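Text of start-v2.cif (mmCIF, C-alpha atoms) as supplied:
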```cif
data_coords
loop_
_atom_site.label_atom_id
_atom_site.label_comp_id
_atom_site.auth_asym_id
_atom_site.auth_seq_id
_atom_site.Cartn_x
_atom_site.Cartn_y
_atom_site.Cartn_z
CA MET A 22 -8.55 -30.20 -9.32
CA ASN A 23 -6.38 -29.56 -12.40
CA ILE A 24 -6.21 -25.84 -13.08
CA GLY A 25 -4.63 -23.89 -15.92
CA VAL A 26 -3.23 -20.46 -15.16
CA LEU A 27 -2.45 -18.38 -18.23
CA GLY A 28 0.19 -15.75 -17.55
CA THR A 29 3.47 -15.76 -15.65
CA GLY A 30 3.31 -12.28 -14.11
CA VAL A 31 2.60 -11.42 -10.51
CA VAL A 32 -1.13 -12.14 -10.88
CA GLY A 33 -0.58 -15.58 -12.40
CA GLN A 34 2.10 -16.45 -9.85
CA THR A 35 0.02 -15.28 -6.87
CA ILE A 36 -3.10 -17.14 -7.95
CA GLY A 37 -1.09 -20.19 -9.03
CA SER A 38 0.75 -20.38 -5.70
CA LYS A 39 -2.48 -20.05 -3.73
CA LEU A 40 -4.06 -22.86 -5.74
CA VAL A 41 -1.04 -25.12 -5.18
CA GLN A 42 -1.19 -24.36 -1.44
CA LEU A 43 -4.81 -25.46 -1.52
CA GLY A 44 -3.72 -28.81 -2.95
CA HIS A 45 -4.62 -28.32 -6.60
CA ASN A 46 -2.48 -29.24 -9.59
CA VAL A 47 -1.59 -26.08 -11.45
CA MET A 48 -0.04 -25.69 -14.89
CA MET A 49 1.23 -22.21 -15.67
CA GLY A 50 0.93 -21.38 -19.35
CA SER A 51 2.96 -18.87 -21.29
CA ARG A 52 3.75 -17.75 -24.82
CA ASP A 53 7.10 -19.53 -24.69
CA GLU A 54 6.84 -23.10 -23.50
CA ALA A 55 9.68 -22.62 -21.03
CA ASN A 56 9.20 -19.06 -19.83
CA PRO A 57 11.95 -18.46 -17.23
CA ARG A 58 9.48 -17.11 -14.66
CA ALA A 59 7.29 -20.18 -15.09
CA VAL A 60 10.29 -22.49 -14.73
CA ILE A 61 11.40 -20.79 -11.49
CA TRP A 62 7.85 -20.69 -10.15
CA THR A 63 7.40 -24.40 -10.85
CA LYS A 64 10.61 -25.23 -8.99
CA GLN A 65 9.50 -23.16 -6.00
CA GLU A 66 6.04 -24.68 -5.84
CA GLY A 67 7.02 -28.33 -6.07
CA ARG A 68 5.38 -31.36 -7.53
CA ASN A 69 1.85 -30.00 -7.92
CA ALA A 70 3.11 -27.19 -10.16
CA SER A 71 4.07 -27.46 -13.80
CA PHE A 72 4.55 -25.23 -16.84
CA GLY A 73 3.84 -25.36 -20.54
CA SER A 74 2.48 -23.39 -23.45
CA TYR A 75 -0.83 -21.54 -23.26
CA ALA A 76 -2.34 -24.48 -25.14
CA ASP A 77 -0.84 -27.01 -22.72
CA ALA A 78 -2.19 -25.14 -19.68
CA ALA A 79 -5.63 -24.64 -21.23
CA ALA A 80 -5.86 -28.34 -22.12
CA PHE A 81 -4.67 -29.32 -18.64
CA GLY A 82 -7.11 -27.18 -16.69
CA GLU A 83 -10.62 -28.21 -15.79
CA ILE A 84 -10.90 -24.53 -14.95
CA ILE A 85 -8.71 -21.82 -16.49
CA PHE A 86 -7.64 -18.48 -15.06
CA ASN A 87 -6.75 -15.73 -17.51
CA CYS A 88 -4.00 -13.77 -15.74
CA THR A 89 -2.38 -12.29 -18.84
CA LEU A 90 -2.11 -8.55 -19.40
CA GLY A 91 -5.30 -7.22 -20.94
CA SER A 92 -3.39 -5.95 -23.96
CA ALA A 93 -2.20 -9.51 -24.66
CA SER A 94 -5.23 -11.50 -23.51
CA LEU A 95 -6.96 -12.09 -26.82
CA SER A 96 -3.80 -13.24 -28.58
CA ALA A 97 -2.83 -15.40 -25.59
CA LEU A 98 -6.24 -17.04 -25.61
CA GLN A 99 -6.03 -17.64 -29.37
CA MET A 100 -2.78 -19.48 -28.69
CA ALA A 101 -4.48 -21.38 -25.87
CA GLY A 102 -6.99 -22.56 -28.46
CA ALA A 103 -10.76 -22.66 -28.53
CA GLU A 104 -10.75 -26.48 -28.54
CA ASN A 105 -8.70 -26.62 -25.33
CA MET A 106 -11.14 -24.27 -23.57
CA LYS A 107 -14.35 -25.71 -25.00
CA GLY A 108 -17.07 -26.15 -22.38
CA LYS A 109 -14.76 -24.95 -19.62
CA ILE A 110 -14.99 -22.01 -17.27
CA LEU A 111 -12.51 -19.23 -17.94
CA ILE A 112 -12.09 -16.89 -14.97
CA ASP A 113 -11.00 -13.64 -16.58
CA THR A 114 -9.03 -11.43 -14.17
CA SER A 115 -7.58 -9.15 -16.85
CA ASN A 116 -8.03 -5.43 -17.45
CA PRO A 117 -7.68 -3.68 -20.82
CA LEU A 118 -5.15 -1.18 -19.51
CA ASP A 119 -2.83 1.02 -21.47
CA TYR A 120 -0.04 1.89 -19.02
CA ALA A 121 1.79 4.08 -21.53
CA ASN A 122 0.67 7.34 -19.96
CA GLU A 123 0.81 8.47 -16.37
CA ILE A 124 -2.98 8.55 -16.41
CA TRP A 125 -4.10 5.03 -17.16
CA THR A 126 -6.57 4.63 -20.00
CA LEU A 127 -8.47 1.59 -21.22
CA THR A 128 -8.08 0.14 -24.71
CA VAL A 129 -11.77 -0.76 -24.72
CA CYS A 130 -14.59 0.60 -22.58
CA ASN A 131 -18.04 2.13 -22.38
CA THR A 132 -19.70 0.36 -25.31
CA ASP A 133 -17.70 -2.86 -25.05
CA SER A 134 -15.26 -4.57 -22.70
CA LEU A 135 -12.46 -7.08 -22.75
CA GLY A 136 -14.70 -9.58 -20.98
CA GLU A 137 -17.23 -9.32 -23.80
CA GLN A 138 -14.54 -9.51 -26.47
CA ILE A 139 -13.21 -12.72 -24.94
CA GLN A 140 -16.70 -14.24 -24.64
CA ARG A 141 -17.45 -13.35 -28.29
CA ALA A 142 -14.14 -14.82 -29.45
CA PHE A 143 -14.74 -18.06 -27.51
CA PRO A 144 -18.48 -18.71 -27.57
CA ASP A 145 -18.08 -22.30 -26.36
CA THR A 146 -16.20 -21.23 -23.23
CA ARG A 147 -18.06 -19.90 -20.20
CA VAL A 148 -16.29 -16.65 -19.38
CA VAL A 149 -16.70 -15.27 -15.86
CA LYS A 150 -15.13 -11.88 -15.27
CA SER A 151 -13.96 -11.62 -11.68
CA LEU A 152 -11.11 -10.57 -9.38
CA ASN A 153 -10.03 -7.74 -11.69
CA THR A 154 -10.95 -5.03 -9.17
CA MET A 155 -8.21 -5.52 -6.59
CA ASN A 156 -4.52 -6.22 -6.34
CA CYS A 157 -3.55 -9.88 -6.59
CA ASP A 158 -2.49 -10.30 -2.97
CA VAL A 159 -5.99 -9.20 -1.98
CA MET A 160 -7.58 -11.46 -4.63
CA VAL A 161 -6.36 -14.64 -2.94
CA ASP A 162 -6.43 -13.36 0.64
CA PRO A 163 -9.15 -10.76 1.22
CA ASN A 164 -8.69 -11.24 4.97
CA LYS A 165 -5.54 -9.13 4.66
CA LEU A 166 -7.84 -6.11 4.83
CA LEU A 167 -9.37 -4.67 7.98
CA GLU A 168 -12.91 -5.61 6.95
CA ARG A 169 -14.69 -7.98 4.61
CA THR A 170 -14.90 -6.33 1.20
CA SER A 171 -16.69 -7.12 -2.07
CA VAL A 172 -15.81 -9.04 -5.19
CA PHE A 173 -17.89 -9.22 -8.35
CA VAL A 174 -18.80 -11.86 -10.93
CA SER A 175 -20.06 -11.14 -14.44
CA GLY A 176 -21.01 -13.76 -16.99
CA ASN A 177 -23.68 -15.25 -19.19
CA SER A 178 -23.78 -18.67 -17.53
CA ALA A 179 -25.51 -18.88 -14.16
CA ASP A 180 -23.93 -22.29 -13.55
CA ALA A 181 -20.46 -20.98 -14.26
CA LYS A 182 -21.01 -18.00 -11.96
CA ALA A 183 -22.23 -20.34 -9.23
CA THR A 184 -19.05 -22.41 -9.57
CA VAL A 185 -16.84 -19.34 -9.53
CA THR A 186 -18.74 -17.97 -6.53
CA LYS A 187 -18.03 -21.23 -4.70
CA ILE A 188 -14.35 -21.02 -5.63
CA LEU A 189 -14.15 -17.42 -4.42
CA HIS A 190 -15.89 -18.35 -1.19
CA ASP A 191 -14.31 -21.71 -0.38
CA TRP A 192 -10.79 -21.29 -1.74
CA PHE A 193 -10.08 -17.56 -1.36
CA GLU A 194 -12.47 -16.86 1.55
CA TRP A 195 -14.45 -14.07 -0.05
CA ARG A 196 -17.70 -13.44 1.81
CA SER A 197 -19.33 -10.59 -0.16
CA ILE A 198 -19.60 -11.95 -3.71
CA ILE A 199 -21.91 -9.91 -5.90
CA ASP A 200 -23.36 -11.24 -9.17
CA LEU A 201 -23.58 -8.17 -11.41
CA GLY A 202 -25.33 -9.86 -14.31
CA ASP A 203 -24.30 -10.97 -17.77
CA ILE A 204 -20.92 -10.46 -19.39
CA THR A 205 -21.80 -6.89 -20.47
CA THR A 206 -21.37 -5.94 -16.80
CA SER A 207 -17.65 -6.46 -17.37
CA ARG A 208 -17.74 -2.87 -18.60
CA GLY A 209 -18.44 -1.52 -15.14
CA VAL A 210 -15.76 -3.50 -13.31
CA GLU A 211 -13.16 -2.79 -15.98
CA MET A 212 -13.99 0.95 -15.99
CA TYR A 213 -13.77 0.95 -12.19
CA VAL A 214 -10.06 0.23 -12.51
CA VAL A 215 -9.41 3.88 -13.35
CA LEU A 216 -10.84 4.83 -9.94
CA TRP A 217 -8.84 1.97 -8.39
CA ARG A 218 -5.70 3.56 -9.81
CA ASN A 219 -6.66 6.95 -8.30
CA LEU A 220 -7.33 5.26 -4.97
CA ARG A 221 -3.98 3.49 -5.07
CA HIS A 222 -2.37 6.88 -5.42
CA ALA A 223 -4.57 8.50 -2.74
CA THR A 224 -4.04 5.70 -0.21
CA SER A 225 -0.35 5.18 -1.11
CA SER A 226 -0.99 1.46 -1.14
CA HIS A 227 -2.32 -1.30 -3.36
CA ARG A 228 -3.69 -3.14 -0.35
CA PHE A 229 -7.26 -1.91 -0.29
CA ASN A 230 -10.61 -2.80 -1.74
CA ILE A 231 -14.16 -1.54 -1.78
CA LYS A 232 -17.04 -2.85 0.27
CA VAL A 233 -20.58 -2.38 -0.93
CA VAL A 234 -22.63 -1.10 2.03
CA ARG A 235 -26.43 -1.07 1.97
CA SER A 236 -29.07 0.64 4.04
CA MET B 26 -24.29 31.18 3.38
CA ASN B 27 -25.85 32.00 0.02
CA ILE B 28 -25.76 28.96 -2.23
CA GLY B 29 -26.75 28.50 -5.86
CA VAL B 30 -28.11 25.14 -6.92
CA LEU B 31 -28.26 24.62 -10.69
CA GLY B 32 -30.89 22.07 -11.69
CA THR B 33 -34.44 21.37 -10.56
CA GLY B 34 -34.41 17.58 -10.68
CA VAL B 35 -34.29 15.22 -7.75
CA VAL B 36 -30.59 15.88 -7.12
CA GLY B 37 -31.00 19.66 -7.04
CA GLN B 38 -34.11 19.43 -4.89
CA THR B 39 -32.53 17.00 -2.42
CA ILE B 40 -29.34 19.02 -2.01
CA GLY B 41 -31.27 22.31 -1.98
CA SER B 42 -33.65 21.10 0.72
CA LYS B 43 -30.80 19.83 2.87
CA LEU B 44 -29.01 23.17 2.58
CA VAL B 45 -32.18 25.08 3.55
CA GLN B 46 -32.64 22.77 6.54
CA LEU B 47 -29.10 23.65 7.58
CA GLY B 48 -30.06 27.33 7.57
CA HIS B 49 -28.54 28.44 4.30
CA ASN B 50 -30.16 30.66 1.68
CA VAL B 51 -30.59 28.65 -1.49
CA MET B 52 -31.52 29.85 -4.96
CA MET B 53 -32.48 27.09 -7.39
CA GLY B 54 -31.53 27.96 -10.95
CA SER B 55 -33.08 26.61 -14.11
CA ARG B 56 -33.21 27.14 -17.84
CA ASP B 57 -36.61 28.82 -17.54
CA GLU B 58 -36.69 31.51 -14.87
CA ALA B 59 -39.89 30.12 -13.38
CA ASN B 60 -39.50 26.39 -13.81
CA PRO B 61 -42.62 24.81 -12.25
CA ARG B 62 -40.57 22.39 -10.15
CA ALA B 63 -38.46 25.25 -8.80
CA VAL B 64 -41.58 27.28 -7.99
CA ILE B 65 -43.16 24.39 -6.07
CA TRP B 66 -39.89 23.59 -4.31
CA THR B 67 -39.50 27.22 -3.22
CA LYS B 68 -43.00 27.29 -1.76
CA GLN B 69 -42.32 24.08 0.14
CA GLU B 70 -39.01 25.22 1.55
CA GLY B 71 -40.08 28.66 2.78
CA ARG B 72 -38.35 31.97 3.06
CA ASN B 73 -34.74 30.78 2.73
CA ALA B 74 -35.49 29.28 -0.68
CA SER B 75 -35.82 31.15 -3.95
CA PHE B 76 -35.67 30.46 -7.67
CA GLY B 77 -34.33 32.16 -10.78
CA SER B 78 -32.42 31.58 -13.98
CA TYR B 79 -29.13 29.70 -14.03
CA ALA B 80 -27.43 33.12 -14.15
CA ASP B 81 -29.43 34.41 -11.17
CA ALA B 82 -28.56 31.36 -9.09
CA ALA B 83 -24.88 31.45 -10.07
CA ALA B 84 -24.65 35.17 -9.22
CA PHE B 85 -26.46 34.57 -5.91
CA GLY B 86 -24.31 31.70 -4.70
CA GLU B 87 -21.04 32.09 -2.84
CA ILE B 88 -20.75 28.40 -3.65
CA ILE B 89 -22.54 26.72 -6.57
CA PHE B 90 -23.71 23.13 -6.94
CA ASN B 91 -24.04 21.75 -10.46
CA CYS B 92 -26.98 19.34 -10.23
CA THR B 93 -27.97 19.41 -13.88
CA LEU B 94 -28.00 16.31 -16.05
CA GLY B 95 -24.55 15.67 -17.44
CA SER B 96 -25.85 15.89 -20.98
CA ALA B 97 -27.05 19.45 -20.27
CA SER B 98 -24.35 20.62 -17.87
CA LEU B 99 -22.10 22.52 -20.25
CA SER B 100 -24.96 24.45 -21.84
CA ALA B 101 -26.51 25.14 -18.42
CA LEU B 102 -23.21 26.48 -17.14
CA GLN B 103 -22.80 28.65 -20.23
CA MET B 104 -26.19 30.14 -19.41
CA ALA B 105 -25.08 30.56 -15.79
CA GLY B 106 -22.22 32.64 -17.15
CA ALA B 107 -18.49 32.63 -16.49
CA GLU B 108 -18.65 36.06 -14.84
CA ASN B 109 -21.23 34.88 -12.32
CA MET B 110 -19.04 31.91 -11.36
CA LYS B 111 -15.68 33.69 -11.43
CA GLY B 112 -13.48 32.87 -8.44
CA LYS B 113 -16.17 30.66 -6.94
CA ILE B 114 -16.24 26.99 -6.09
CA LEU B 115 -18.45 24.86 -8.34
CA ILE B 116 -19.28 21.49 -6.81
CA ASP B 117 -19.95 19.30 -9.81
CA THR B 118 -22.21 16.35 -8.99
CA SER B 119 -23.09 15.52 -12.58
CA ASN B 120 -22.39 12.41 -14.65
CA PRO B 121 -22.06 12.31 -18.45
CA LEU B 122 -24.68 9.60 -18.81
CA ASP B 123 -26.54 8.56 -21.90
CA TYR B 124 -29.67 6.83 -20.60
CA ALA B 125 -30.95 6.03 -24.09
CA ASN B 126 -30.00 2.36 -23.92
CA GLU B 127 -30.72 -0.20 -21.26
CA ILE B 128 -26.98 -0.42 -20.67
CA TRP B 129 -25.87 3.04 -19.63
CA THR B 130 -22.98 4.53 -21.52
CA LEU B 131 -21.02 7.72 -20.97
CA THR B 132 -20.87 10.55 -23.48
CA VAL B 133 -17.27 11.23 -22.47
CA CYS B 134 -14.79 8.96 -20.67
CA ASN B 135 -11.38 7.34 -20.56
CA THR B 136 -9.30 10.16 -22.11
CA ASP B 137 -11.45 13.03 -20.82
CA SER B 138 -14.32 13.64 -18.42
CA LEU B 139 -17.18 16.03 -17.87
CA GLY B 140 -15.39 17.44 -14.84
CA GLU B 141 -12.40 18.32 -16.99
CA GLN B 142 -14.59 19.75 -19.75
CA ILE B 143 -16.28 22.03 -17.23
CA GLN B 144 -12.96 23.12 -15.71
CA ARG B 145 -11.56 23.89 -19.19
CA ALA B 146 -14.68 25.85 -20.15
CA PHE B 147 -14.56 27.91 -16.92
CA PRO B 148 -10.89 28.36 -16.04
CA ASP B 149 -11.64 31.09 -13.47
CA THR B 150 -13.99 28.82 -11.50
CA ARG B 151 -12.63 26.24 -9.09
CA VAL B 152 -14.37 23.03 -10.08
CA VAL B 153 -14.52 20.24 -7.50
CA LYS B 154 -16.03 16.99 -8.70
CA SER B 155 -17.78 15.25 -5.84
CA LEU B 156 -20.93 13.40 -4.76
CA ASN B 157 -21.48 11.90 -8.21
CA THR B 158 -20.92 8.34 -7.00
CA MET B 159 -24.07 7.77 -4.97
CA ASN B 160 -27.79 8.43 -5.08
CA CYS B 161 -28.83 11.88 -3.88
CA ASP B 162 -30.52 10.73 -0.67
CA VAL B 163 -27.20 9.16 0.32
CA MET B 164 -25.27 12.30 -0.77
CA VAL B 165 -26.89 14.46 1.90
CA ASP B 166 -27.39 11.76 4.53
CA PRO B 167 -24.71 9.06 4.38
CA ASN B 168 -25.81 7.87 7.83
CA LYS B 169 -28.77 6.23 6.08
CA LEU B 170 -26.41 3.36 5.32
CA LEU B 171 -25.39 0.62 7.73
CA GLU B 172 -21.77 1.79 7.85
CA ARG B 173 -19.71 4.88 7.11
CA THR B 174 -18.86 4.85 3.41
CA SER B 175 -16.57 6.90 1.18
CA VAL B 176 -16.98 10.04 -0.91
CA PHE B 177 -14.38 11.48 -3.26
CA VAL B 178 -13.16 14.94 -4.25
CA SER B 179 -11.29 15.77 -7.46
CA GLY B 180 -10.03 19.21 -8.42
CA ASN B 181 -7.07 21.40 -9.25
CA SER B 182 -7.41 23.76 -6.27
CA ALA B 183 -6.28 22.42 -2.88
CA ASP B 184 -8.09 25.29 -1.14
CA ALA B 185 -11.34 24.55 -2.95
CA LYS B 186 -11.06 20.84 -2.12
CA ALA B 187 -10.42 21.72 1.53
CA THR B 188 -13.58 23.86 1.58
CA VAL B 189 -15.65 21.15 -0.10
CA THR B 190 -14.23 18.55 2.29
CA LYS B 191 -15.37 20.70 5.21
CA ILE B 192 -18.83 21.07 3.65
CA LEU B 193 -19.08 17.31 3.13
CA HIS B 194 -17.96 16.68 6.69
CA ASP B 195 -19.80 19.40 8.60
CA TRP B 196 -23.02 19.75 6.61
CA PHE B 197 -23.62 16.27 5.19
CA GLU B 198 -21.74 14.30 7.88
CA TRP B 199 -19.39 12.39 5.60
CA ARG B 200 -16.50 10.87 7.52
CA SER B 201 -14.44 9.11 4.82
CA ILE B 202 -13.62 11.86 2.31
CA ILE B 203 -10.87 10.89 -0.12
CA ASP B 204 -8.94 13.45 -2.18
CA LEU B 205 -8.22 11.65 -5.44
CA GLY B 206 -6.08 14.36 -6.99
CA ASP B 207 -6.54 16.92 -9.73
CA ILE B 208 -9.56 17.29 -11.98
CA THR B 209 -8.37 14.51 -14.32
CA THR B 210 -9.37 12.08 -11.57
CA SER B 211 -12.96 12.93 -12.48
CA ARG B 212 -12.53 10.23 -15.11
CA GLY B 213 -12.37 7.48 -12.51
CA VAL B 214 -15.40 8.57 -10.50
CA GLU B 215 -17.47 9.20 -13.63
CA MET B 216 -16.51 5.82 -15.11
CA TYR B 217 -17.38 4.16 -11.79
CA VAL B 218 -21.01 5.09 -12.39
CA VAL B 219 -21.35 2.19 -14.83
CA LEU B 220 -20.49 -0.18 -11.97
CA TRP B 221 -22.85 1.80 -9.72
CA ARG B 222 -25.63 1.09 -12.19
CA ASN B 223 -24.81 -2.63 -12.16
CA LEU B 224 -24.79 -2.60 -8.36
CA ARG B 225 -28.13 -0.84 -8.25
CA HIS B 226 -29.52 -3.67 -10.32
CA ALA B 227 -27.77 -6.36 -8.27
CA THR B 228 -28.83 -4.93 -4.92
CA SER B 229 -32.33 -3.92 -6.13
CA SER B 230 -31.84 -0.59 -4.40
CA HIS B 231 -30.27 2.79 -4.95
CA ARG B 232 -29.47 3.10 -1.26
CA PHE B 233 -25.94 1.81 -1.12
CA ASN B 234 -22.43 3.11 -1.45
CA ILE B 235 -18.88 1.86 -1.42
CA LYS B 236 -16.45 2.04 1.46
CA VAL B 237 -12.73 1.99 0.80
CA VAL B 238 -11.18 -0.52 3.20
CA ARG B 239 -7.44 -0.67 3.79
CA SER B 240 -5.10 -3.23 5.33
#
```

For this file, produce the structure as structure tokens.
Amino acid sequence: MNIGVLGTGVVGQTIGSKLVQLGHNVMMGSRDEANPRAVIWTKQEGRNASFGSYADAAAFGEIIFNCTLGSASLSALQMAGAENMKGKILIDTSNPLDYANEIWTLTVCNTDSLGEQIQRAFPDTRVVKSLNTMNCDVMVDPNKLLERTSVFVSGNSADAKATVTKILHDWFEWRSIIDLGDITTSRGVEMYVVLWRNLRHATSSHRFNIKVVRS
Amino acid sequence: MNIGVLGTGVVGQTIGSKLVQLGHNVMMGSRDEANPRAVIWTKQEGRNASFGSYADAAAFGEIIFNCTLGSASLSALQMAGAENMKGKILIDTSNPLDYANEIWTLTVCNTDSLGEQIQRAFPDTRVVKSLNTMNCDVMVDPNKLLERTSVFVSGNSADAKATVTKILHDWFEWRSIIDLGDITTSRGVEMYVVLWRNLRHATSSHRFNIKVVRS
């Protein structure tokens, strides 16, 4: 499959590399058409990897991953272009974090979320919030952890969530995939990231995740 | 031990009953000295249970549980009285929830929390935020769930957190008790409650909890 990955940071690189390993064609999109990190990544990953602008990557992808920083996501997606994302699934892994202070805060929460803002800005794109609740090495390889843990999907399109659930299951080997509901449930998973940050400190590691356990 | 439980709702009753079963003397405090629910509860629980005003219960308890609704917690604690709580541990189980809308929102979050507000209002009390991340029947009996799950403590006093950790372990049989840090980490566990609400909907049950799994 042709997949667009927006963002050249560690999340975009980790997801992009995993997708290439799985045999997909991945274009990494960035603000600058020839972002140095994207150029190096493309060289490392070989012939199934390429780079371009946000718009190039969005047009290229049958499915698009938003791996940009939350603070930059809306402007990055505007550059990607509504037309290039029309009718497509956008897997939104971003978090609206303000890292400026030692205690992380969110730039939007409680009565709105970044997931909702993106869905409102791009009504013809099927936004599925997912994978924003763990570090990127866990995102693409949950078997790194001692037990099977949980990942969440939020979105307005049942079809899109079913496709993303299949991707999470078949490509990344997630086994506990929980559909939280419509895109407003992005609030909960984005607000969870503050607890994630506390847990990262408490466990002295970013390699952890939560498992939902029932009775 | 003599324990004060502030609040006559299902959380206060569940924790109060568990403490009586464990052999402790419990006074349930409420806004009205003879709250009907507290009167009935006291009759049910027998001679180790009693009721009184918030101030009576706070004065009675060597340790105090705040089981009031988050929206009423600060006023309830003002009625309990700083003098009656001076030097004591207050285990704060409350959440700053506004239930008015179908989508729950918090009355304080992100840059502050109810736990912090309570600690600021009562600087001579050692506030430990805990047990606010699961339903009350799981709080006092985590073995109800299929696996051992996690509970968190947040507070400025290491001694108070050590005491609360022992209570959680010895009385309620928690085995994964994670110290998140100072009282500012109340923000994370309070903000998590929005995800908890989504999970309650997704799992069609309030009997669940999260387990932190490492690598």

Kindly provide the residues of chain A that approach chain B to within 8 Å, each paired with its closest atom pair and their distance in Å to one decimal, based on only C-alpha atoms, listed by chain and increasing number, as a Markdown table.
```
| residue | atom | partner | partner_atom | distance |
| --- | --- | --- | --- | --- |
| A:Thr126 | CA | B:Asn135 | CA | 5.5 |
| A:Leu127 | CA | B:Asn135 | CA | 6.5 |
| A:Cys130 | CA | B:Asn135 | CA | 7.7 |
| A:Asn131 | CA | B:Thr130 | CA | 5.6 |
| A:Thr132 | CA | B:Thr130 | CA | 6.5 |
| A:Lys165 | CA | B:Ser240 | CA | 6.0 |
| A:Leu166 | CA | B:Ser240 | CA | 4.0 |
| A:Leu167 | CA | B:Ser240 | CA | 5.2 |
| A:Glu168 | CA | B:Val238 | CA | 6.6 |
| A:Thr170 | CA | B:Val238 | CA | 7.2 |
| A:Ile199 | CA | B:Ala227 | CA | 7.2 |
| A:Asp200 | CA | B:Ala227 | CA | 6.6 |
| A:Leu201 | CA | B:Ala227 | CA | 5.5 |
| A:Gly202 | CA | B:Ala227 | CA | 7.4 |
| A:Thr206 | CA | B:Asn223 | CA | 6.7 |
| A:Arg208 | CA | B:Val219 | CA | 7.3 |
| A:Gly209 | CA | B:Leu220 | CA | 4.0 |
| A:Val210 | CA | B:Leu220 | CA | 5.9 |
| A:Met212 | CA | B:Met216 | CA | 5.6 |
| A:Tyr213 | CA | B:Tyr217 | CA | 4.8 |
| A:Val214 | CA | B:Gly213 | CA | 7.6 |
| A:Val215 | CA | B:Gly213 | CA | 4.7 |
| A:Leu216 | CA | B:Gly213 | CA | 4.0 |
| A:Trp217 | CA | B:Gly213 | CA | 7.7 |
| A:Asn219 | CA | B:Leu205 | CA | 5.7 |
| A:Leu220 | CA | B:Leu205 | CA | 6.5 |
| A:His222 | CA | B:Leu205 | CA | 7.5 |
| A:Ala223 | CA | B:Leu205 | CA | 5.5 |
| A:Arg228 | CA | B:Ser240 | CA | 5.9 |
| A:Phe229 | CA | B:Arg239 | CA | 4.3 |
| A:Asn230 | CA | B:Val238 | CA | 5.5 |
| A:Ile231 | CA | B:Val237 | CA | 4.6 |
| A:Lys232 | CA | B:Lys236 | CA | 5.1 |
| A:Val233 | CA | B:Ile235 | CA | 4.6 |
| A:Val234 | CA | B:Phe233 | CA | 5.4 |
| A:Arg235 | CA | B:Phe233 | CA | 4.3 |
| A:Ser236 | CA | B:Leu170 | CA | 4.0 |
```

- Item | Val148 (chain A) surroundings by all atoms listed in the file, 8 Å radius, close-in-sequence under 5 positions cut, as a list in words | Ile110, Leu111, Ile112, Asp113, Gly136, Ile139, Gln140, Gly176, Asn177, Ser178, Ala181 and Ile204 of chain A

- Query: What residues come out when you apply the PyMOL selection byres ((chain B and resi 59-66) around 10) to this file, written as an MDAnalysis selection string?
  - Reply: chainID B and resid 32:35 37:38 41:42 52:58 67:71 74:78

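As for CA of Glu87 (chain B) and CA of Gly29 (chain B), they are spaced 7.4 Å apart.
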
- Task: Please provide as a PyMOL selection string all residues within 10 Å of Ala142 (chain A), with the sequence filter that same-chain residues fewer than 6 positions apart are discarded (counting only C-alpha atoms).
- Result: chain A and resi 95+98-99+103+136

- Item | Gap from CA of Asn73 (chain B) to CA of Lys43 (chain B) - Å, one decimal | 11.6 Å

- Item | Cys88 (chain A) surroundings by all atoms listed in the file, 7 Å radius, close-in-sequence under 3 positions cut, as a count of residues only | 7

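Pairwise distance (CA of Asn120 (chain B), CA of Ser96 (chain B)) equals 8.0 Å.
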
- Task: Step by step, work through what the PyMOL selection byres ((chain A and resi 185) around 9) selects in the shown file, and finish by giving those residues as a PyMOL selection string.
- Result: chain A and resi 110+112+149+151+174+180-184+186-190

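Distances here use only C-alpha atoms; by that measure, the residue among A:Val161, A:Ile24, A:Leu118, A:Ala76 closest to Leu90 (chain A) is A:Leu118.
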
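Applied to the file shown here, the PyMOL selection byres ((chain B and resi 112) around 6) selects the residues Lys111, Lys113, Asp149 and Thr150 of chain B.
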
- Query: Around (-21.5, 16.5, -20.2) in the file's own coordinates, what residues are found within 6 Å if you use all atoms listed in the file, given back as a PyMOL selection string?
  - Reply: chain B and resi 95-96+98+121+139
